[in-house]
file structure08.csv (CSV, C-alpha atoms)
chain,number,residue,atom,x,y,z
A,1151,MET,CA,8.7,31.7,-18.8
A,1152,GLY,CA,11.8,29.5,-19.4
A,1153,TYR,CA,10.9,25.9,-19.5
A,1154,ILE,CA,7.3,25.1,-20.3
A,1155,PRO,CA,5.5,23.6,-17.3
A,1156,TYR,CA,2.7,21.0,-17.6
A,1157,GLY,CA,-0.5,22.8,-18.4
A,1158,PHE,CA,1.0,25.2,-20.9
A,1159,VAL,CA,1.9,24.8,-24.6
A,1160,GLN,CA,4.4,26.6,-26.8
A,1161,LYS,CA,3.0,28.0,-30.0
A,1162,PRO,CA,4.7,30.1,-32.7
A,1163,VAL,CA,3.2,33.3,-31.3
A,1164,GLY,CA,3.8,32.5,-27.7
A,1165,ILE,CA,3.0,30.3,-24.7
A,1166,PHE,CA,-0.7,29.5,-24.0
A,1167,VAL,CA,-2.7,27.5,-21.4
A,1168,GLU,CA,-3.4,24.0,-22.7
A,1169,PRO,CA,-7.0,23.4,-21.6
A,1170,GLN,CA,-6.9,19.6,-20.9
A,1171,GLN,CA,-3.7,19.7,-19.0
A,1172,ALA,CA,-4.8,22.8,-17.1
A,1173,ASN,CA,-7.9,20.9,-16.0
A,1174,VAL,CA,-5.6,18.2,-14.6
A,1175,VAL,CA,-3.6,20.8,-12.7
A,1176,LYS,CA,-6.8,22.2,-11.2
A,1177,GLN,CA,-7.9,18.7,-10.2
A,1178,ILE,CA,-4.5,18.0,-8.5
A,1179,TYR,CA,-4.8,21.3,-6.5
A,1180,GLN,CA,-8.4,20.6,-5.6
A,1181,ARG,CA,-7.9,17.1,-4.4
A,1182,TYR,CA,-4.9,18.1,-2.3
A,1183,LEU,CA,-6.9,20.8,-0.6
A,1184,GLU,CA,-9.7,18.2,0.0
A,1185,GLY,CA,-7.2,16.1,1.9
A,1186,ASP,CA,-5.8,13.6,-0.7
A,1187,SER,CA,-2.2,12.6,-0.2
A,1188,LEU,CA,0.4,12.8,-3.0
A,1189,GLU,CA,0.0,9.0,-3.4
A,1190,GLY,CA,-3.7,9.3,-3.4
A,1191,ILE,CA,-3.6,11.9,-6.2
A,1192,ALA,CA,-1.2,9.6,-8.2
A,1193,ASP,CA,-3.7,6.7,-7.8
A,1194,PHE,CA,-6.6,8.9,-9.0
A,1195,LEU,CA,-4.6,10.0,-12.1
A,1196,PHE,CA,-3.7,6.4,-12.8
A,1197,GLN,CA,-7.3,5.3,-12.5
A,1198,GLU,CA,-8.4,8.1,-14.8
A,1199,SER,CA,-5.7,7.0,-17.4
A,1200,ILE,CA,-4.1,10.4,-17.3
A,1201,PRO,CA,-0.4,10.1,-18.4
A,1202,SER,CA,2.3,12.0,-16.5
A,1203,PRO,CA,4.1,15.0,-17.9
A,1204,GLN,CA,6.7,12.5,-19.1
A,1205,GLY,CA,4.1,10.4,-20.8
A,1206,LYS,CA,4.2,7.6,-18.3
A,1207,GLU,CA,1.2,5.7,-16.9
A,1208,ARG,CA,2.1,6.4,-13.3
A,1209,TRP,CA,2.7,9.8,-11.8
A,1210,THR,CA,5.3,10.1,-9.0
A,1211,ARG,CA,5.1,12.0,-5.8
A,1212,PRO,CA,7.9,14.4,-6.6
A,1213,VAL,CA,6.3,15.4,-9.9
A,1214,ILE,CA,3.0,16.1,-8.1
A,1215,ASN,CA,4.7,17.8,-5.2
A,1216,ASN,CA,6.6,20.1,-7.6
A,1217,MET,CA,3.4,21.0,-9.4
A,1218,LEU,CA,1.8,22.0,-6.1
A,1219,SER,CA,4.7,24.5,-5.6
A,1220,ASN,CA,5.0,25.9,-9.1
A,1221,GLN,CA,4.3,29.6,-8.9
A,1222,LYS,CA,4.0,29.8,-12.7
A,1223,TYR,CA,0.5,28.4,-12.4
A,1224,VAL,CA,-0.7,31.4,-10.4
A,1225,GLY,CA,-2.9,33.8,-12.3
A,1226,TYR,CA,-3.1,31.5,-15.4
A,1227,ILE,CA,-4.4,28.1,-14.1
A,1228,ILE,CA,-4.6,28.4,-10.3
A,1229,ASP,CA,-5.8,31.5,-8.5
A,1230,PHE,CA,-3.7,33.3,-5.9
A,1231,ALA,CA,-5.8,32.3,-2.9
A,1232,ASP,CA,-5.8,28.5,-3.8
A,1233,PHE,CA,-2.1,28.5,-4.4
A,1234,PHE,CA,-1.3,29.9,-1.0
A,1235,MET,CA,-3.9,27.7,0.6
A,1236,VAL,CA,-2.0,24.7,-0.8
A,1237,GLN,CA,1.3,26.1,0.5
A,1238,GLY,CA,-0.2,26.3,3.9
A,1239,GLU,CA,-1.5,22.8,3.7
A,1240,LYS,CA,1.9,21.6,2.6
A,1241,SER,CA,3.5,23.2,5.6
A,1242,LYS,CA,1.0,21.5,7.9
A,1243,ARG,CA,1.8,18.1,6.3
A,1244,SER,CA,5.6,18.6,6.3
A,1245,ASN,CA,6.1,16.5,9.4
A,1246,ILE,CA,3.6,13.8,8.5
A,1247,ASP,CA,4.7,10.5,7.0
A,1248,GLU,CA,2.2,9.8,4.1
A,1249,ASP,CA,2.6,6.1,4.4
A,1250,THR,CA,1.7,5.8,8.1
A,1251,GLY,CA,-0.2,9.0,8.7
A,1252,LYS,CA,2.0,9.6,11.7
A,1253,ARG,CA,4.4,12.4,12.6
A,1254,LYS,CA,7.9,11.7,11.4
A,1255,ALA,CA,10.4,10.7,14.1
A,1256,ALA,CA,12.7,13.4,12.7
A,1257,ARG,CA,10.5,16.2,13.9
A,1258,TYR,CA,12.7,16.6,17.0
A,1259,SER,CA,16.0,16.5,15.1
A,1260,SER,CA,16.0,20.3,15.0
A,1261,GLN,CA,18.2,22.2,17.4
A,1262,ASN,CA,15.1,23.6,19.0
A,1263,VAL,CA,12.4,21.2,20.4
A,1264,LEU,CA,9.6,23.5,19.3
A,1265,SER,CA,10.6,23.6,15.6
A,1266,GLY,CA,7.9,22.1,13.5
A,1267,LEU,CA,5.3,22.2,16.3
A,1268,VAL,CA,4.2,25.8,16.2
A,1269,VAL,CA,1.8,26.7,13.4
A,1270,CYS,CA,-0.2,29.7,12.3
A,1271,GLU,CA,-4.0,29.4,12.7
A,1272,GLU,CA,-4.6,31.9,9.9
A,1273,CYS,CA,-2.5,30.5,7.0
A,1274,GLY,CA,-1.3,27.1,8.4
A,1275,ALA,CA,2.4,27.9,7.9
A,1276,ASN,CA,5.0,26.9,10.5
A,1277,TYR,CA,6.3,29.5,12.9
A,1278,ARG,CA,10.0,30.2,12.8
A,1279,ARG,CA,12.4,30.9,15.7
A,1280,ILE,CA,14.0,34.3,15.2
A,1281,THR,CA,16.6,36.0,17.3
A,1282,ARG,CA,16.2,39.8,17.2
A,1283,PRO,CA,19.2,42.2,17.2
A,1284,SER,CA,18.4,42.9,20.8
A,1285,GLY,CA,19.0,39.2,21.6
A,1286,GLU,CA,15.3,38.5,22.3
A,1287,VAL,CA,14.1,35.2,20.8
A,1288,VAL,CA,10.6,35.3,19.2
A,1289,TRP,CA,8.5,33.0,17.0
A,1290,ARG,CA,7.0,34.3,13.8
A,1291,CYS,CA,4.7,32.9,11.1
A,1292,ALA,CA,6.9,31.9,8.1
A,1293,ASN,CA,4.5,33.4,5.6
A,1294,ARG,CA,4.3,36.6,7.5
A,1295,VAL,CA,8.2,36.8,7.5
A,1296,GLU,CA,8.5,36.0,3.8
A,1297,HIS,CA,5.4,37.7,2.3
A,1298,GLY,CA,4.3,40.2,4.9
A,1299,LYS,CA,0.6,41.0,5.4
A,1300,ARG,CA,-0.1,40.0,1.8
A,1301,ILE,CA,-0.5,36.4,2.8
A,1302,CYS,CA,-1.0,36.4,6.5
A,1303,ARG,CA,-2.6,39.5,8.0
A,1304,ARG,CA,-3.0,38.8,11.7
A,1305,ALA,CA,-0.3,36.3,12.8
A,1306,PRO,CA,1.2,37.6,16.0
A,1307,THR,CA,4.8,37.5,17.1
A,1308,ILE,CA,5.3,35.3,20.2
A,1309,PRO,CA,8.2,35.8,22.6
A,1310,GLU,CA,9.8,32.4,23.3
A,1311,GLU,CA,9.7,32.9,27.0
A,1312,ARG,CA,5.9,33.5,26.9
A,1313,LEU,CA,5.5,30.4,24.8
A,1314,LYS,CA,7.5,28.3,27.2
A,1315,THR,CA,5.5,29.7,30.1
A,1316,ALA,CA,2.2,28.7,28.4
A,1317,LEU,CA,3.6,25.1,27.8
A,1318,CYS,CA,4.7,24.8,31.4
A,1319,LYS,CA,1.2,25.9,32.5
A,1320,PHE,CA,-0.5,23.4,30.1
A,1321,LEU,CA,1.7,20.5,31.3
A,1322,SER,CA,1.8,21.6,35.0
A,1323,LEU,CA,5.6,21.9,35.0
A,1324,ASP,CA,7.6,24.1,37.3
A,1325,ASP,CA,10.4,24.4,34.6
A,1326,PHE,CA,10.5,24.0,30.9
A,1327,ASP,CA,11.3,20.3,30.1
A,1328,GLU,CA,12.2,19.4,26.5
A,1329,GLN,CA,11.7,15.7,27.1
A,1330,MET,CA,8.1,16.4,28.3
A,1331,ILE,CA,7.5,18.5,25.2
A,1332,GLN,CA,8.7,15.6,23.0
A,1333,LYS,CA,6.6,13.1,24.9
A,1334,HIS,CA,3.3,15.1,25.0
A,1335,ILE,CA,3.0,18.0,22.6
A,1336,GLU,CA,1.8,17.3,19.0
A,1337,ARG,CA,1.0,20.8,17.8
A,1338,ILE,CA,0.8,24.4,19.1
A,1339,THR,CA,-1.6,26.6,17.0
A,1340,ILE,CA,-1.1,30.3,17.4
A,1341,GLN,CA,-4.3,32.2,17.2
A,1342,ALA,CA,-4.7,35.8,16.1
A,1343,GLU,CA,-5.1,36.9,19.7
A,1344,GLY,CA,-1.7,35.5,20.5
A,1345,VAL,CA,-3.1,32.5,22.4
A,1346,PRO,CA,-1.6,29.1,21.7
A,1347,TYR,CA,-4.1,26.2,21.2
A,1348,ILE,CA,-2.1,23.2,22.4
A,1349,GLN,CA,-2.7,19.6,21.5
A,1350,ASP,CA,-1.3,16.6,23.5
A,1351,TYR,CA,-0.9,13.8,21.0
A,1352,GLN,CA,-0.7,11.0,23.6
A,1353,LEU,CA,-3.8,11.9,25.6
A,1354,HIS,CA,-5.6,13.5,22.6
A,1355,GLU,CA,-6.5,16.5,24.7
A,1356,ARG,CA,-6.7,20.0,23.5
A,1357,GLY,CA,-6.5,23.0,25.7
A,1358,MET,CA,-6.0,26.8,25.9
A,1359,ALA,CA,-3.0,28.1,27.7
A,1360,LEU,CA,-3.2,31.8,28.2
A,1361,LEU,CA,-0.1,33.8,27.8

call {"tool": "encode", "arguments": {"input": "structure08.csv", "output": "C-alpha cells"}}
result
Amino acid sequence: MGYIPYGFVQKPVGIFVEPQQANVVKQIYQRYLEGDSLEGIADFLFQESIPSPQGKERWTRPVINNMLSNQKYVGYIIDFADFFMVQGEKSKRSNIDEDTGKRKAARYSSQNVLSGLVVCEECGANYRRITRPSGEVVWRCANRVEHGKRICRRAPTIPEERLKTALCKFLSLDDFDEQMIQKHIERITIQAEGVPYIQDYQLHERGMALL
C-alpha cells in the first residue's frame, strides 16, 4: 500500500483498518454527499474534537479533499458506489467557490466557452471536448472516457454542432454567440436520451432544447 493513509494502521503482520479513524472517514464521505462543504466538514470535525491526521485541532480543506479522492479507501472503508458518487459530486462543485457559493469567474478561462458547463446527468461528471481522428468535435462524459461503462452506462456522445444548435434555439439566436453563453448559461445537463437540460443562471429559468 506504500504510505499508510488515515483510517489504516500498520501492525507487525500487516496493514489493517483502524475502526475509529475509519468511522471518521465514513462520516467525511457521508457529510460531503449530504451537501457539506470542505470547510463545513472541517468545522464539524473541530466541534467533535477529532484531531487531524497530523494531530492538529483543525483539519484543512486540502487534507479533507485528498481523503475524498483517495482510492485506497475503496473496498476497505468506503464502498465503490459511494466513492464514485463523491467523485461525481466533486466534479459538480469544481467551478463553485466554497466561500461565496457562486461559480468561479475563472470558469470561462478555458479555450472553449462550454468547458465546465456541460455535465452528465447520470454520474455528475463534466463533459470533455474531444476531437475525433475524422476531425469531428464531440463532447463526452469524463467518467465514460476514463472508466467506460463501469462508472457511467448511458452517457451519450454529443456532437458539438448539435449542442451549439440547441443553445441557439434556447437563447433564440441566429448564430452561436460566446458572449451570450457567458452571460446566460449556468449549466447544461446531458440526459441519457441525448437531450440537454439548460439552465439560465441570470433568469433562473430551465428549459429543454431538443437536438

call {"tool": "atom_distance", "arguments": {"input": "structure08.csv", "atom1": "CA of Glu1189 in chain A", "atom2": "CA of Ile1301 in chain A"}}
result
28.1 Å

call {"tool": "residues_around", "arguments": {"input": "structure08.csv", "residues": "range 1207-1223 of chain A", "least_positions_apart": "2", "cutoff": "7 Å", "atoms": "only C-alpha atoms", "output": "NGL selection string"}}
result
:A and (1179 or 1188-1189 or 1192 or 1196 or 1201-1202 or 1205 or 1225-1228)

call {"tool": "closest_residue", "arguments": {"input": "structure08.csv", "among": "A:Glu1272, A:Glu1286, A:Asp1186, A:Glu1198", "to": "Phe1234 in chain A", "atoms": "all atoms listed in the file"}}
result
A:Glu1272

call {"tool": "residues_near_point", "arguments": {"input": "structure08.csv", "point": "(5.0, 30.9, 32.6)", "cutoff": "10 Å", "atoms": "all atoms listed in the file", "output": "mmCIF file with C-alpha atoms, in the frame of the given file"}}
result
data_model
loop_
_atom_site.group_PDB
_atom_site.id
_atom_site.type_symbol
_atom_site.label_atom_id
_atom_site.label_comp_id
_atom_site.auth_asym_id
_atom_site.auth_seq_id
_atom_site.Cartn_x
_atom_site.Cartn_y
_atom_site.Cartn_z
ATOM 1 C CA GLU A 1311 9.700 32.900 27.000
ATOM 2 C CA ARG A 1312 5.900 33.500 26.900
ATOM 3 C CA LEU A 1313 5.500 30.400 24.800
ATOM 4 C CA LYS A 1314 7.500 28.300 27.200
ATOM 5 C CA THR A 1315 5.500 29.700 30.100
ATOM 6 C CA ALA A 1316 2.200 28.700 28.400
ATOM 7 C CA LEU A 1317 3.600 25.100 27.800
ATOM 8 C CA CYS A 1318 4.700 24.800 31.400
ATOM 9 C CA LYS A 1319 1.200 25.900 32.500
ATOM 10 C CA PHE A 1320 -0.500 23.400 30.100
ATOM 11 C CA LEU A 1323 5.600 21.900 35.000
ATOM 12 C CA ASP A 1324 7.600 24.100 37.300
ATOM 13 C CA ASP A 1325 10.400 24.400 34.600
ATOM 14 C CA PHE A 1326 10.500 24.000 30.900
ATOM 15 C CA ALA A 1359 -3.000 28.100 27.700
ATOM 16 C CA LEU A 1360 -3.200 31.800 28.200
ATOM 17 C CA LEU A 1361 -0.100 33.800 27.800
#

call {"tool": "atom_distance", "arguments": {"input": "structure08.csv", "atom1": "CA of Gln1170 in chain A", "atom2": "CA of Val1224 in chain A"}}
result
17.0 Å

call {"tool": "residues_around", "arguments": {"input": "structure08.csv", "residues": "range 1307-1310 of chain A", "least_positions_apart": "3", "cutoff": "6 Å", "atoms": "all atoms listed in the file", "output": "list in words"}}
result
Val1287, Val1288, Trp1289, Arg1290 and Leu1313 of chain A

call {"tool": "residues_around", "arguments": {"input": "structure08.csv", "residues": "Pro1169 in chain A", "least_positions_apart": "5", "cutoff": "12 Å", "atoms": "all atoms listed in the file", "output": "list in words"}}
result
Tyr1156, Gly1157, Phe1158, Val1159, Val1174, Val1175, Lys1176, Tyr1226 and Ile1227 of chain A

call {"tool": "write_last_selection", "arguments": {"input": "structure08.csv", "atoms": "C-alpha atoms", "output": "mmCIF file, in the frame of the given file"}}
result
data_model
loop_
_atom_site.group_PDB
_atom_site.id
_atom_site.type_symbol
_atom_site.label_atom_id
_atom_site.label_comp_id
_atom_site.auth_asym_id
_atom_site.auth_seq_id
_atom_site.Cartn_x
_atom_site.Cartn_y
_atom_site.Cartn_z
ATOM 1 C CA TYR A 1156 2.700 21.000 -17.600
ATOM 2 C CA GLY A 1157 -0.500 22.800 -18.400
ATOM 3 C CA PHE A 1158 1.000 25.200 -20.900
ATOM 4 C CA VAL A 1159 1.900 24.800 -24.600
ATOM 5 C CA VAL A 1174 -5.600 18.200 -14.600
ATOM 6 C CA VAL A 1175 -3.600 20.800 -12.700
ATOM 7 C CA LYS A 1176 -6.800 22.200 -11.200
ATOM 8 C CA TYR A 1226 -3.100 31.500 -15.400
ATOM 9 C CA ILE A 1227 -4.400 28.100 -14.100
#

call {"tool": "closest_residue", "arguments": {"input": "structure08.csv", "among": "A:Lys1206, A:Arg1337, A:Arg1304, A:Lys1161", "to": "Lys1242 in chain A", "atoms": "all atoms listed in the file"}}
result
A:Arg1337

call {"tool": "atom_distance", "arguments": {"input": "structure08.csv", "atom1": "CA of Arg1278 in chain A", "atom2": "CA of His1297 in chain A"}}
result
13.7 Å

call {"tool": "closest_residue", "arguments": {"input": "structure08.csv", "among": "A:Ile1154, A:Glu1328, A:Gln1341, A:Arg1243", "to": "Val1167 in chain A", "atoms": "all atoms listed in the file"}}
result
A:Ile1154

call {"tool": "residues_around", "arguments": {"input": "structure08.csv", "residues": "Thr1339 in chain A", "least_positions_apart": "4", "cutoff": "9 Å", "atoms": "only C-alpha atoms", "output": "PyMOL selection string"}}
result
chain A and resi 1267-1271+1274+1345-1349

call {"tool": "residues_around", "arguments": {"input": "structure08.csv", "residues": "Ala1275 in chain A", "least_positions_apart": "3", "cutoff": "8 Å", "atoms": "all atoms listed in the file", "output": "PDB file with C-alpha atoms, in the coordinates of the input"}}
result
ATOM      1  CA  GLN A1237       1.300  26.100   0.500  1.00  0.00           C
ATOM      2  CA  GLY A1238      -0.200  26.300   3.900  1.00  0.00           C
ATOM      3  CA  GLU A1239      -1.500  22.800   3.700  1.00  0.00           C
ATOM      4  CA  SER A1241       3.500  23.200   5.600  1.00  0.00           C
ATOM      5  CA  LYS A1242       1.000  21.500   7.900  1.00  0.00           C
ATOM      6  CA  VAL A1269       1.800  26.700  13.400  1.00  0.00           C
ATOM      7  CA  CYS A1270      -0.200  29.700  12.300  1.00  0.00           C
ATOM      8  CA  CYS A1291       4.700  32.900  11.100  1.00  0.00           C
ATOM      9  CA  ALA A1292       6.900  31.900   8.100  1.00  0.00           C
ATOM     10  CA  ASN A1293       4.500  33.400   5.600  1.00  0.00           C
TER      11      ASN A1293
END

call {"tool": "closest_residue", "arguments": {"input": "structure08.csv", "among": "A:Gln1204, A:Ser1284, A:Gln1180, A:Ser1265", "to": "Val1236 in chain A", "atoms": "only C-alpha atoms"}}
result
A:Gln1180

call {"tool": "closest_residue", "arguments": {"input": "structure08.csv", "among": "A:Pro1203, A:Ala1231, A:Arg1279, A:Glu1336", "to": "Cys1302 in chain A", "atoms": "all atoms listed in the file"}}
result
A:Ala1231

call {"tool": "axis_aligned_box", "arguments": {"input": "structure08.csv", "around": "range 1200-1216 of chain A", "padding_each_side": "5 Å", "output": "lines of an AutoDock Vina configuration file"}}
result
center_x = 1.9
center_y = 12.9
center_z = -13.0
size_x = 22.0
size_y = 24.4
size_z = 25.6

call {"tool": "closest_residue", "arguments": {"input": "structure08.csv", "among": "A:Glu1343, A:Glu1296, A:Asp1232, A:Glu1168", "to": "Arg1181 in chain A", "atoms": "all atoms listed in the file"}}
result
A:Asp1232
